[in-house]
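Trainee: What follows is protein.tsv; its format and atoms are TSV, C-alpha atoms.
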```
chain	number	residue	atom	x	y	z
A	1	MET	CA	35.02	-47.15	-41.28
A	2	ALA	CA	32.78	-49.80	-42.78
A	3	LEU	CA	30.61	-49.59	-45.89
A	4	VAL	CA	26.97	-50.76	-45.76
A	5	GLY	CA	25.18	-51.31	-49.07
A	6	LEU	CA	27.07	-52.32	-52.20
A	7	GLY	CA	25.01	-50.89	-55.03
A	8	LYS	CA	26.09	-48.54	-57.79
A	9	VAL	CA	27.30	-45.59	-55.68
A	10	SER	CA	29.28	-47.77	-53.28
A	11	ALA	CA	32.23	-47.97	-55.69
A	12	ALA	CA	32.89	-44.24	-55.30
A	13	HIS	CA	32.71	-44.56	-51.51
A	14	ALA	CA	34.99	-47.58	-51.43
A	15	ALA	CA	37.62	-45.88	-53.58
A	16	ALA	CA	37.47	-42.80	-51.38
A	17	LEU	CA	37.56	-44.74	-48.12
A	18	GLY	CA	40.80	-46.35	-49.21
A	19	GLU	CA	42.47	-42.94	-49.58
A	20	VAL	CA	41.17	-40.74	-46.76
A	21	PRO	CA	43.86	-39.78	-44.21
A	22	GLY	CA	43.01	-40.49	-40.61
A	23	SER	CA	40.71	-43.42	-41.26
A	24	ARG	CA	40.95	-47.09	-42.16
A	25	PHE	CA	38.50	-48.95	-44.41
A	26	ILE	CA	37.90	-52.28	-42.65
A	27	GLY	CA	34.67	-53.94	-43.79
A	28	VAL	CA	31.64	-54.23	-46.06
A	29	LEU	CA	28.07	-55.46	-45.74
A	30	ASP	CA	25.25	-56.05	-48.19
A	31	THR	CA	21.99	-57.98	-48.03
A	32	ASP	CA	23.40	-60.17	-50.81
A	33	PRO	CA	26.08	-62.43	-49.25
A	34	GLU	CA	27.78	-63.06	-52.58
A	35	ARG	CA	28.03	-59.36	-53.31
A	36	THR	CA	29.52	-58.88	-49.84
A	37	ARG	CA	32.08	-61.65	-50.42
A	38	VAL	CA	33.15	-60.28	-53.80
A	39	ALA	CA	33.51	-56.71	-52.51
A	40	ALA	CA	35.46	-57.81	-49.45
A	41	SER	CA	37.88	-59.69	-51.66
A	42	ARG	CA	38.22	-56.77	-54.07
A	43	TYR	CA	38.93	-54.21	-51.34
A	44	GLY	CA	40.85	-56.46	-48.97
A	45	VAL	CA	38.45	-55.88	-46.06
A	46	ARG	CA	36.26	-57.97	-43.78
A	47	PRO	CA	32.89	-59.30	-45.02
A	48	TYR	CA	30.16	-58.92	-42.39
A	49	ARG	CA	27.17	-61.25	-42.41
A	50	SER	CA	24.73	-58.86	-40.75
A	51	LEU	CA	24.44	-55.36	-39.38
A	52	ASP	CA	24.40	-56.80	-35.87
A	53	GLU	CA	27.73	-58.53	-36.51
A	54	LEU	CA	29.21	-55.32	-37.92
A	55	LEU	CA	28.07	-53.27	-34.92
A	56	GLU	CA	29.49	-55.85	-32.52
A	57	ASP	CA	32.93	-55.16	-34.00
A	58	ARG	CA	34.41	-52.49	-31.73
A	59	ALA	CA	36.99	-51.65	-34.38
A	60	VAL	CA	34.24	-49.93	-36.38
A	61	ASP	CA	33.93	-46.27	-35.37
A	62	ALA	CA	31.73	-45.12	-38.26
A	63	ILE	CA	29.77	-46.42	-41.22
A	64	THR	CA	28.88	-45.00	-44.58
A	65	VAL	CA	25.38	-45.98	-45.74
A	66	CYS	CA	24.85	-46.71	-49.44
A	67	THR	CA	21.71	-48.84	-49.18
A	68	PRO	CA	18.49	-48.18	-51.13
A	69	HIS	CA	16.66	-45.11	-49.85
A	70	ARG	CA	14.10	-46.90	-47.70
A	71	ALA	CA	16.83	-48.58	-45.65
A	72	HIS	CA	18.78	-45.41	-44.86
A	73	ALA	CA	16.94	-44.57	-41.65
A	74	ALA	CA	16.88	-48.05	-40.08
A	75	THR	CA	20.58	-48.60	-40.82
A	76	ALA	CA	21.62	-45.20	-39.50
A	77	ILE	CA	19.47	-45.47	-36.36
A	78	ALA	CA	20.90	-48.91	-35.54
A	79	ALA	CA	24.45	-47.62	-35.98
A	80	ALA	CA	23.89	-44.42	-33.99
A	81	SER	CA	22.18	-46.40	-31.22
A	82	ALA	CA	25.35	-48.49	-31.03
A	83	GLY	CA	27.48	-45.36	-30.71
A	84	ARG	CA	28.75	-45.27	-34.29
A	85	HIS	CA	29.05	-42.15	-36.43
A	86	VAL	CA	27.10	-42.25	-39.70
A	87	LEU	CA	27.65	-40.81	-43.16
A	88	VAL	CA	24.55	-41.51	-45.23
A	89	GLU	CA	24.06	-41.19	-48.97
A	90	LYS	CA	21.41	-38.86	-50.31
A	91	PRO	CA	18.58	-38.57	-49.58
A	92	MET	CA	19.06	-38.64	-45.82
A	93	ALA	CA	15.78	-40.58	-45.60
A	94	THR	CA	12.44	-40.74	-47.38
A	95	THR	CA	10.34	-38.99	-44.71
A	96	LEU	CA	10.71	-36.23	-42.15
A	97	ALA	CA	9.76	-38.66	-39.37
A	98	GLU	CA	12.74	-40.83	-40.29
A	99	CYS	CA	15.07	-37.81	-40.39
A	100	ASP	CA	13.89	-36.66	-36.97
A	101	ALA	CA	14.40	-40.12	-35.49
A	102	MET	CA	17.94	-40.28	-36.93
A	103	ILE	CA	18.84	-36.87	-35.49
A	104	ARG	CA	17.37	-37.68	-32.06
A	105	VAL	CA	19.24	-40.96	-31.74
A	106	ALA	CA	22.51	-39.41	-32.89
A	107	GLU	CA	22.21	-36.54	-30.42
A	108	ARG	CA	21.28	-38.88	-27.58
A	109	ASN	CA	24.32	-41.06	-28.24
A	110	GLY	CA	26.78	-38.25	-28.94
A	111	VAL	CA	27.59	-39.28	-32.51
A	112	ARG	CA	27.74	-37.34	-35.78
A	113	ILE	CA	25.53	-37.70	-38.83
A	114	GLY	CA	26.71	-36.49	-42.23
A	115	VAL	CA	24.71	-36.54	-45.46
A	116	VAL	CA	26.39	-36.91	-48.84
A	117	SER	CA	26.08	-33.74	-50.92
A	118	GLN	CA	29.40	-33.87	-52.74
A	119	ARG	CA	28.44	-31.23	-55.30
A	120	ARG	CA	29.04	-28.63	-52.58
A	121	TRP	CA	32.76	-29.29	-53.16
A	122	TYR	CA	32.68	-28.57	-56.92
A	123	PRO	CA	34.89	-25.50	-57.52
A	124	PRO	CA	32.25	-23.69	-59.66
A	125	VAL	CA	29.65	-24.30	-56.94
A	126	ARG	CA	32.02	-22.91	-54.30
A	127	ARG	CA	32.59	-19.78	-56.39
A	128	VAL	CA	28.85	-19.10	-56.39
A	129	LYS	CA	28.62	-19.67	-52.64
A	130	THR	CA	31.61	-17.41	-51.97
A	131	VAL	CA	30.33	-14.51	-54.08
A	132	LEU	CA	26.89	-14.73	-52.48
A	133	GLU	CA	28.42	-14.65	-49.00
A	134	ARG	CA	30.41	-11.51	-49.80
A	135	GLY	CA	27.38	-9.76	-51.31
A	136	GLY	CA	28.87	-9.74	-54.79
A	137	ILE	CA	25.46	-9.54	-56.52
A	138	GLY	CA	23.75	-7.49	-53.86
A	139	ARG	CA	20.72	-9.12	-52.26
A	140	PRO	CA	19.75	-12.38	-54.01
A	141	ILE	CA	16.18	-11.96	-55.21
A	142	LEU	CA	15.60	-14.79	-57.70
A	143	ALA	CA	16.94	-18.31	-58.19
A	144	THR	CA	16.22	-20.77	-60.98
A	145	LEU	CA	16.93	-24.49	-60.81
A	146	GLN	CA	16.77	-26.59	-63.98
A	147	LEU	CA	17.55	-30.30	-64.14
A	148	LEU	CA	16.77	-31.81	-67.54
A	149	GLY	CA	18.10	-35.33	-67.91
A	150	TRP	CA	17.25	-38.84	-69.02
A	151	ARG	CA	16.51	-42.12	-67.31
A	152	GLY	CA	15.61	-44.99	-69.63
A	153	PRO	CA	14.36	-48.53	-69.01
A	154	GLU	CA	17.91	-49.80	-68.46
A	155	TYR	CA	18.35	-47.44	-65.51
A	156	TYR	CA	15.23	-48.67	-63.73
A	157	ALA	CA	16.14	-52.30	-64.48
A	158	MET	CA	19.48	-51.98	-62.63
A	159	ASP	CA	17.81	-52.51	-59.23
A	160	ALA	CA	14.35	-53.72	-58.26
A	161	TRP	CA	13.77	-50.78	-55.92
A	162	ARG	CA	14.16	-48.10	-58.60
A	163	GLY	CA	11.03	-46.43	-59.93
A	164	SER	CA	8.76	-47.62	-57.10
A	165	TRP	CA	7.21	-45.78	-54.18
A	166	SER	CA	7.94	-48.69	-51.85
A	167	GLY	CA	11.63	-48.88	-52.83
A	168	GLU	CA	12.67	-45.42	-53.99
A	169	GLY	CA	10.16	-43.30	-52.07
A	170	GLY	CA	9.67	-40.96	-55.03
A	171	GLY	CA	11.14	-40.11	-58.39
A	172	ILE	CA	13.24	-37.29	-59.76
A	173	LEU	CA	12.75	-35.05	-56.71
A	174	ILE	CA	13.98	-37.57	-54.16
A	175	ASN	CA	16.70	-39.17	-56.29
A	176	GLN	CA	18.23	-37.01	-59.02
A	177	ALA	CA	17.19	-33.46	-58.00
A	178	ILE	CA	17.99	-33.88	-54.31
A	179	HIS	CA	21.54	-32.58	-54.90
A	180	HIS	CA	20.21	-29.45	-56.59
A	181	LEU	CA	17.56	-28.85	-53.92
A	182	ASP	CA	20.42	-28.94	-51.40
A	183	LEU	CA	22.43	-26.39	-53.39
A	184	LEU	CA	19.39	-24.15	-53.90
A	185	GLU	CA	18.91	-23.80	-50.14
A	186	TRP	CA	22.67	-23.57	-49.53
A	187	PHE	CA	22.76	-20.56	-51.84
A	188	MET	CA	19.43	-18.93	-50.93
A	189	GLY	CA	18.61	-19.91	-47.36
A	190	PRO	CA	15.49	-21.56	-45.94
A	191	VAL	CA	12.28	-21.99	-47.95
A	192	VAL	CA	9.03	-20.86	-46.33
A	193	GLU	CA	6.40	-21.60	-49.01
A	194	VAL	CA	6.04	-23.77	-52.11
A	195	ASP	CA	3.57	-24.76	-54.78
A	196	ALA	CA	4.13	-27.56	-57.26
A	197	TYR	CA	2.94	-29.90	-60.00
A	198	VAL	CA	4.40	-33.41	-59.97
A	199	ALA	CA	3.69	-35.92	-62.74
A	200	ASN	CA	4.80	-39.01	-64.63
A	201	LEU	CA	4.65	-37.91	-68.26
A	202	SER	CA	6.75	-40.36	-70.26
A	203	HIS	CA	7.70	-43.40	-68.12
A	204	PRO	CA	4.56	-45.57	-67.91
A	205	ALA	CA	6.51	-48.58	-66.63
A	206	ILE	CA	7.41	-46.88	-63.32
A	207	GLU	CA	5.25	-45.67	-60.44
A	208	VAL	CA	7.01	-42.45	-59.48
A	209	GLU	CA	7.24	-38.98	-61.01
A	210	ASP	CA	9.59	-38.19	-63.88
A	211	THR	CA	8.74	-34.45	-63.96
A	212	ALA	CA	8.26	-31.76	-61.32
A	213	ILE	CA	7.64	-28.02	-61.46
A	214	GLY	CA	7.91	-25.96	-58.29
A	215	ILE	CA	7.63	-22.34	-57.17
A	216	VAL	CA	9.31	-21.37	-53.92
A	217	ARG	CA	9.48	-18.36	-51.63
A	218	PHE	CA	12.52	-18.06	-49.41
A	219	GLU	CA	12.67	-16.72	-45.86
A	220	SER	CA	14.60	-13.73	-47.22
A	221	GLY	CA	11.66	-12.79	-49.49
A	222	ALA	CA	13.46	-13.99	-52.62
A	223	LEU	CA	11.59	-16.17	-55.12
A	224	GLY	CA	12.66	-19.26	-57.01
A	225	SER	CA	11.60	-21.82	-59.58
A	226	ILE	CA	12.32	-25.53	-59.91
A	227	VAL	CA	12.05	-27.41	-63.21
A	228	ALA	CA	13.16	-31.04	-63.07
A	229	SER	CA	12.58	-33.83	-65.58
A	230	ASN	CA	14.00	-37.22	-66.55
A	231	CYS	CA	12.44	-37.10	-70.03
A	232	GLN	CA	15.17	-35.47	-72.18
A	233	TYR	CA	17.22	-38.00	-74.15
A	234	PRO	CA	20.15	-38.29	-73.82
A	235	GLY	CA	20.23	-35.71	-71.06
A	236	LEU	CA	20.89	-31.98	-71.30
A	237	TYR	CA	22.00	-30.20	-68.13
A	238	GLY	CA	21.55	-29.36	-64.48
A	239	ARG	CA	22.04	-25.72	-63.52
A	240	ILE	CA	21.28	-23.16	-60.83
A	241	HIS	CA	21.32	-19.41	-61.47
A	242	VAL	CA	21.05	-16.70	-58.83
A	243	HIS	CA	20.11	-13.11	-59.64
A	244	GLY	CA	20.68	-10.13	-57.34
A	245	ASP	CA	19.00	-6.78	-56.80
A	246	SER	CA	22.14	-5.15	-58.24
A	247	GLY	CA	21.26	-6.61	-61.66
A	248	CYS	CA	24.19	-9.04	-61.49
A	249	SER	CA	23.79	-12.78	-61.89
A	250	VAL	CA	25.91	-15.85	-61.17
A	251	GLY	CA	25.35	-19.49	-61.92
A	252	VAL	CA	26.73	-22.98	-62.19
A	253	GLN	CA	26.02	-25.83	-64.57
A	254	THR	CA	26.65	-28.88	-62.41
A	255	GLU	CA	25.68	-31.51	-65.00
A	256	THR	CA	26.04	-31.79	-68.75
A	257	GLY	CA	24.62	-34.85	-70.45
A	258	SER	CA	23.55	-37.96	-68.61
A	259	ALA	CA	25.62	-40.56	-66.79
A	260	PHE	CA	22.87	-43.16	-67.15
A	261	VAL	CA	22.43	-43.66	-70.90
A	262	ALA	CA	23.02	-47.35	-71.60
A	263	GLY	CA	25.74	-48.10	-74.12
A	264	GLN	CA	27.32	-44.65	-73.92
A	265	ASN	CA	30.69	-44.08	-72.30
A	266	GLN	CA	31.54	-40.57	-73.36
A	267	PRO	CA	33.46	-38.04	-71.27
A	268	ILE	CA	31.13	-35.82	-69.26
A	269	GLU	CA	31.74	-32.06	-69.37
A	270	PRO	CA	32.95	-30.96	-65.93
A	271	PRO	CA	30.89	-28.46	-63.91
A	272	PHE	CA	31.41	-24.85	-64.92
A	273	ASN	CA	30.18	-21.33	-64.18
A	274	ASP	CA	27.87	-20.66	-67.12
A	275	VAL	CA	26.61	-17.23	-65.97
A	276	TRP	CA	28.71	-14.51	-64.28
A	277	THR	CA	27.82	-10.87	-64.95
A	278	ILE	CA	29.65	-9.11	-62.11
A	279	PRO	CA	31.55	-6.29	-63.92
A	280	GLU	CA	34.72	-6.48	-61.84
A	281	ASP	CA	34.93	-10.23	-62.58
A	282	ALA	CA	34.84	-9.78	-66.36
A	283	GLY	CA	37.08	-12.31	-68.05
A	284	HIS	CA	37.23	-14.67	-65.11
A	285	ILE	CA	34.62	-17.09	-66.41
A	286	ALA	CA	36.70	-18.27	-69.40
A	287	ARG	CA	39.81	-18.65	-67.24
A	288	TRP	CA	37.88	-20.62	-64.62
A	289	ARG	CA	36.47	-22.96	-67.23
A	290	ARG	CA	39.91	-23.73	-68.64
A	291	ALA	CA	41.23	-24.44	-65.15
A	292	ASP	CA	38.24	-26.64	-64.29
A	293	ARG	CA	38.71	-28.66	-67.47
A	294	ARG	CA	42.38	-29.20	-66.69
A	295	SER	CA	41.53	-30.34	-63.18
A	296	ALA	CA	38.81	-32.68	-64.44
A	297	ARG	CA	41.24	-34.44	-66.76
A	298	ALA	CA	43.49	-35.20	-63.80
A	299	ARG	CA	40.95	-36.99	-61.61
A	300	ASP	CA	37.92	-39.26	-61.42
A	301	ALA	CA	35.18	-36.84	-60.39
A	302	GLY	CA	32.91	-39.64	-59.17
A	303	GLN	CA	35.48	-40.57	-56.55
A	304	TYR	CA	37.28	-37.28	-55.94
A	305	TYR	CA	34.38	-35.22	-54.59
A	306	HIS	CA	33.11	-38.10	-52.47
A	307	ARG	CA	36.62	-38.29	-51.01
A	308	LEU	CA	36.58	-34.58	-50.16
A	309	GLN	CA	33.31	-34.98	-48.29
A	310	ILE	CA	34.46	-38.15	-46.52
A	311	GLU	CA	37.65	-36.31	-45.50
A	312	ASP	CA	35.51	-33.56	-43.98
A	313	PHE	CA	33.37	-36.14	-42.17
A	314	VAL	CA	36.43	-37.91	-40.72
A	315	ALA	CA	37.91	-34.56	-39.63
A	316	ALA	CA	34.58	-33.60	-38.02
A	317	VAL	CA	34.45	-36.83	-36.02
A	318	ALA	CA	38.10	-36.46	-34.96
A	319	GLY	CA	37.64	-32.78	-34.08
A	320	GLN	CA	34.28	-33.28	-32.37
A	321	ARG	CA	32.55	-30.77	-34.64
A	322	GLU	CA	29.60	-30.95	-37.00
A	323	PRO	CA	30.28	-32.19	-40.55
A	324	ALA	CA	29.99	-29.59	-43.32
A	325	VAL	CA	26.71	-31.25	-44.34
A	326	ASN	CA	25.06	-32.51	-41.18
A	327	GLY	CA	21.79	-34.21	-40.33
A	328	ARG	CA	19.83	-30.98	-40.15
A	329	ASP	CA	21.09	-30.00	-43.60
A	330	GLY	CA	20.01	-33.40	-44.90
A	331	ARG	CA	16.60	-33.00	-43.27
A	332	SER	CA	16.16	-29.61	-44.92
A	333	SER	CA	16.38	-31.15	-48.39
A	334	VAL	CA	13.92	-33.88	-47.37
A	335	GLU	CA	11.59	-31.17	-46.05
A	336	LEU	CA	11.74	-29.34	-49.38
A	337	PHE	CA	10.87	-32.32	-51.56
A	338	THR	CA	8.21	-33.35	-49.01
A	339	ALA	CA	6.64	-29.88	-49.33
A	340	LEU	CA	6.63	-30.21	-53.12
A	341	TYR	CA	4.95	-33.62	-52.89
A	342	ARG	CA	2.40	-32.28	-50.40
A	343	ALA	CA	1.59	-29.37	-52.71
A	344	GLN	CA	0.79	-31.87	-55.47
A	345	ARG	CA	-1.22	-34.07	-53.10
A	346	ASN	CA	-3.16	-31.16	-51.56
A	347	GLY	CA	-3.56	-29.13	-54.74
A	348	GLY	CA	-2.16	-25.89	-53.37
A	349	ARG	CA	0.48	-23.94	-51.50
A	350	VAL	CA	2.33	-25.46	-48.58
A	351	ARG	CA	4.04	-23.47	-45.85
A	352	LEU	CA	7.24	-24.53	-44.12
A	353	PRO	CA	8.51	-25.59	-41.61
A	354	LEU	CA	6.70	-28.91	-41.82
A	355	GLN	CA	5.83	-31.48	-39.22
A	356	PRO	CA	5.90	-35.19	-40.09
A	357	ASP	CA	2.70	-36.54	-41.60
A	358	PRO	CA	1.58	-40.17	-42.08
A	359	THR	CA	0.98	-39.53	-45.80
A	360	ASP	CA	4.64	-38.63	-46.40
A	361	GLY	CA	6.37	-41.27	-48.48
A	362	THR	CA	3.11	-42.80	-49.73
A	363	PRO	CA	2.23	-43.02	-53.45
A	364	LEU	CA	1.09	-39.90	-55.28
A	365	ASP	CA	-1.46	-40.04	-58.06
A	366	CYS	CA	0.92	-38.69	-60.69
```
Give the structure from the file, written as structure tokens.
Mentor:
Amino acid sequence: MALVGLGKVSAAHAAALGEVPGSRFIGVLDTDPERTRVAASRYGVRPYRSLDELLEDRAVDAITVCTPHRAHAATAIAAASAGRHVLVEKPMATTLAECDAMIRVAERNGVRIGVVSQRRWYPPVRRVKTVLERGGIGRPILATLQLLGWRGPEYYAMDAWRGSWSGEGGGILINQAIHHLDLLEWFMGPVVEVDAYVANLSHPAIEVEDTAIGIVRFESGALGSIVASNCQYPGLYGRIHVHGDSGCSVGVQTETGSAFVAGQNQPIEPPFNDVWTIPEDAGHIARWRRADRRSARARDAGQYYHRLQIEDFVAAVAGQREPAVNGRDGRSSVELFTALYRAQRNGGRVRLPLQPDPTDGTPLDC
């Protein structure tokens, strides 16, 4: 495996790639030659000068893509066209047209696409998924997603592409909330209708939205709400709660505090199940939280959960099966944030499934 794109998230990938059984980390590539040279020296791998040079190396079976959002599709399509498997960071791409092109090329060339959604491997998230699959709260009828965090000027100054429509492709929905949109659909199933307000309320120096409010209707008939904002200093929480027709509720707080507050280096509270009202599970929630805290102290979460997903991807390629989070899963999250953006642009409800539209990925007046 080779790593393409050496920005902030690449460190977690590199650490994981060095540990995953059944694969060998052999090279890196970035548009900045000096960054490539430094990373190659640090990891003891080959520095590639271009994507063409990397794809000419027959030792490379797969790549992991950690480039800025706008480059995800072109990088993945080039690799898949050359017969390489692709694991791409979130979001899969910035538009549905890009996602569809990636999937078509991968299918035509018989290669796998995986999309990074490492929060699916958090133990508290898996507990929610398991109880929903066994009908532990009856029929899910309502879901609430809240992501209240903080991104200050230092965050947007880290890379030139951040905070712009041309570089990032959107704001909180496409970047920070994409993980939670993925989990919302993983828990509740496909979305068939949305309405939304999307705005920039407290970050005048950037182009993209810092706040989004959405209402969703799922294929099952269940309803949901989305509240996402990057305006709460120093960052509060990210959580998803699911309520059933039995009256029981379950939930997970995936984030506490913010990992992007400059000058702060405080331990982050690990994910935990913050709501669990199933009578037969009384008492479990405190025990789970103690166990999750113990586990968190024993590992680097930023690397560990990426490693679990990369392990699944490697096993999928070796076993000729689909990864746990495949290209169609990645497209589904892109479709959901695209629907929310279209609802803002059109001023009303949007029905899914969507077809690609030339306005997707273009600036919103927010």
Trainee: Given all atoms listed in the file as the basis, pick out the residue of A:Lys90, A:Arg112, A:Arg42, A:Arg345 nearest to Pro323 in chain A.
Mentor: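 For Pro323 in chain A, the nearest of the given residues is A:Arg112.
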Trainee: Env of Leu184 in chain A: 8 Å cut, atoms = only C-alpha atoms, seq-sep filter 5 positions within chain, self excluded. Answer as an MDAnalysis selection string.
Mentor: chainID A and resid 143 145 189 240
Trainee: Can you spit out the residues from that selection as a compact mmCIF listing (two decimals), in the frame of the given file, using C-alpha atoms?
Mentor:
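In the end it all went to again_24.txt:
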```
# COMPACT_ATOMS: atom_id res chain seq x y z
CA ALA A 143 16.94 -18.31 -58.19
CA LEU A 145 16.93 -24.49 -60.81
CA GLY A 189 18.61 -19.91 -47.36
CA ILE A 240 21.28 -23.16 -60.83
```
Trainee: Residues at most 12 Å from Trp276 in chain A, counting only C-alpha atoms, excluding those fewer than 2 positions away in the same chain, as a VMD selection string?
Mentor: chain A and resid 124 127 to 128 131 to 132 136 to 137 240 to 244 247 to 253 272 to 274 278 to 286 288 to 289
Trainee: State, in Å with one decimal place, the distance from CA of Thr211 in chain A to CA of His72 in chain A.
Mentor: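 Between CA of Thr211 in chain A and CA of His72 in chain A the gap is 24.2 Å.
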Trainee: Just the number, please: distance in Å from CA of Asn326 in chain A to CA of Gln309 in chain A, one decimal.
Mentor: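 Those two atoms sit 11.2 Å apart.
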Trainee: Arg294 in chain A: which residues within 12 Å, counting all atoms listed in the file, same-chain residues fewer than 3 positions away excluded, as a list of chain:residue names?
Mentor: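 After dropping sequence-adjacent residues, the list is A:Glu269, A:Pro270, A:Pro271, A:Phe272, A:Arg287, A:Trp288, A:Arg289, A:Arg290, A:Ala291, A:Arg297, A:Ala298, A:Arg299.
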Trainee: For CA of Trp150 in chain A and CA of Arg217 in chain A, quote the distance in Å rounded to one decimal.
Mentor: 28.0 Å
Trainee: Determine, counting all atoms listed in the file, which protein, DNA and RNA residues have an atom within 12 Å of an atom of Pro358 in chain A; residues of the same chain fewer than 3 positions away are not included. Present the result as a ChimeraX atom specification.
Mentor: /A:95-98,338,342,355,361-363
Trainee: Counting only C-alpha atoms, which of A:Asp357, A:Glu255, A:Asp195, A:Glu133 gets nearest to Gln146 in chain A?
Mentor: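 Ranked by minimum distance to Gln146 in chain A, first place goes to A:Glu255.
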Trainee: Report as AutoDock Vina command-line options the centre and the edge lengths, in Å to one decimal, of the axis-aligned box holding every listed atom of range 100-109 of chain A, padded by 3 Å on each side.
Mentor:
```
--center_x 19.1 --center_y -38.8 --center_z -32.3 --size_x 16.4 --size_y 10.5 --size_z 15.4
```
Trainee: Quick one: of A:Met102, A:Ala2, A:Ile226, A:Val20, who's nearest to Ala59 in chain A, counting only C-alpha atoms?
Mentor: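 Among the listed residues, A:Ala2 lies closest to Ala59 in chain A.
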Trainee: Pick out the residues sitting within 12 Å of Met158 in chain A, and hand them over as a list in words; count all atoms listed in the file, and ignore anything fewer than 3 positions along from it in its own chain.
Mentor: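 The filter keeps Gly7, Lys8, Arg151, Gly152, Pro153, Glu154, Tyr155, Trp161, Arg162, Gly163, Phe260 and Ala262 of chain A.
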Trainee: I'd like to know which of A:Thr256, A:Ser332, A:Gln176, A:Ser164 is closest to Leu364 in chain A, using only C-alpha atoms.
Mentor: A:Ser164
Trainee: Can you work out which one of A:Ser229, A:Ser23, A:Asn109, A:Ser333 has the shortest atom-to-atom distance to Met92 in chain A, counting all atoms listed in the file?
Mentor: A:Ser333
Trainee: Mind writing range 144-185 of chain A to a file for me, with C-alpha atoms, as a PDB file, in the first residue's frame?
Mentor:
```pdb
ATOM      1  CA  THR A 144     -31.440  13.163  16.601  1.00  0.00           C
ATOM      2  CA  LEU A 145     -27.958  14.159  15.494  1.00  0.00           C
ATOM      3  CA  GLN A 146     -26.141  16.990  17.281  1.00  0.00           C
ATOM      4  CA  LEU A 147     -22.619  18.128  16.480  1.00  0.00           C
ATOM      5  CA  LEU A 148     -21.628  21.270  18.374  1.00  0.00           C
ATOM      6  CA  GLY A 149     -17.942  22.068  18.062  1.00  0.00           C
ATOM      7  CA  TRP A 150     -15.433  24.793  17.362  1.00  0.00           C
ATOM      8  CA  ARG A 151     -13.177  25.726  14.483  1.00  0.00           C
ATOM      9  CA  GLY A 152     -11.177  28.918  14.962  1.00  0.00           C
ATOM     10  CA  PRO A 153      -8.933  30.952  12.646  1.00  0.00           C
ATOM     11  CA  GLU A 154      -5.954  28.698  13.397  1.00  0.00           C
ATOM     12  CA  TYR A 155      -7.812  25.686  12.009  1.00  0.00           C
ATOM     13  CA  TYR A 156      -8.579  27.364   8.693  1.00  0.00           C
ATOM     14  CA  ALA A 157      -5.019  28.708   8.461  1.00  0.00           C
ATOM     15  CA  MET A 158      -3.533  25.185   8.602  1.00  0.00           C
ATOM     16  CA  ASP A 159      -4.162  24.623   4.871  1.00  0.00           C
ATOM     17  CA  ALA A 160      -5.097  26.995   2.060  1.00  0.00           C
ATOM     18  CA  TRP A 161      -7.981  24.792   0.911  1.00  0.00           C
ATOM     19  CA  ARG A 162      -9.880  24.913   4.208  1.00  0.00           C
ATOM     20  CA  GLY A 163     -12.932  27.152   4.434  1.00  0.00           C
ATOM     21  CA  SER A 164     -13.316  27.615   0.666  1.00  0.00           C
ATOM     22  CA  TRP A 165     -15.828  26.228  -1.791  1.00  0.00           C
ATOM     23  CA  SER A 166     -13.110  25.617  -4.372  1.00  0.00           C
ATOM     24  CA  GLY A 167     -10.882  23.697  -1.945  1.00  0.00           C
ATOM     25  CA  GLU A 168     -13.145  22.155   0.689  1.00  0.00           C
ATOM     26  CA  GLY A 169     -16.374  21.893  -1.299  1.00  0.00           C
ATOM     27  CA  GLY A 170     -18.464  22.938   1.706  1.00  0.00           C
ATOM     28  CA  GLY A 171     -18.215  23.482   5.428  1.00  0.00           C
ATOM     29  CA  ILE A 172     -19.350  21.599   8.497  1.00  0.00           C
ATOM     30  CA  LEU A 173     -21.627  19.229   6.555  1.00  0.00           C
ATOM     31  CA  ILE A 174     -18.962  17.987   4.160  1.00  0.00           C
ATOM     32  CA  ASN A 175     -16.044  17.996   6.594  1.00  0.00           C
ATOM     33  CA  GLN A 176     -16.879  17.575  10.283  1.00  0.00           C
ATOM     34  CA  ALA A 177     -20.454  16.197  10.205  1.00  0.00           C
ATOM     35  CA  ILE A 178     -19.834  13.692   7.417  1.00  0.00           C
ATOM     36  CA  HIS A 179     -18.942  11.003   9.988  1.00  0.00           C
ATOM     37  CA  HIS A 180     -22.204  11.563  11.834  1.00  0.00           C
ATOM     38  CA  LEU A 181     -24.286  11.614   8.646  1.00  0.00           C
ATOM     39  CA  ASP A 182     -22.758   8.214   7.872  1.00  0.00           C
ATOM     40  CA  LEU A 183     -23.682   6.867  11.315  1.00  0.00           C
ATOM     41  CA  LEU A 184     -27.197   8.322  11.105  1.00  0.00           C
ATOM     42  CA  GLU A 185     -27.930   6.346   7.939  1.00  0.00           C
TER      43      GLU A 185
END
```
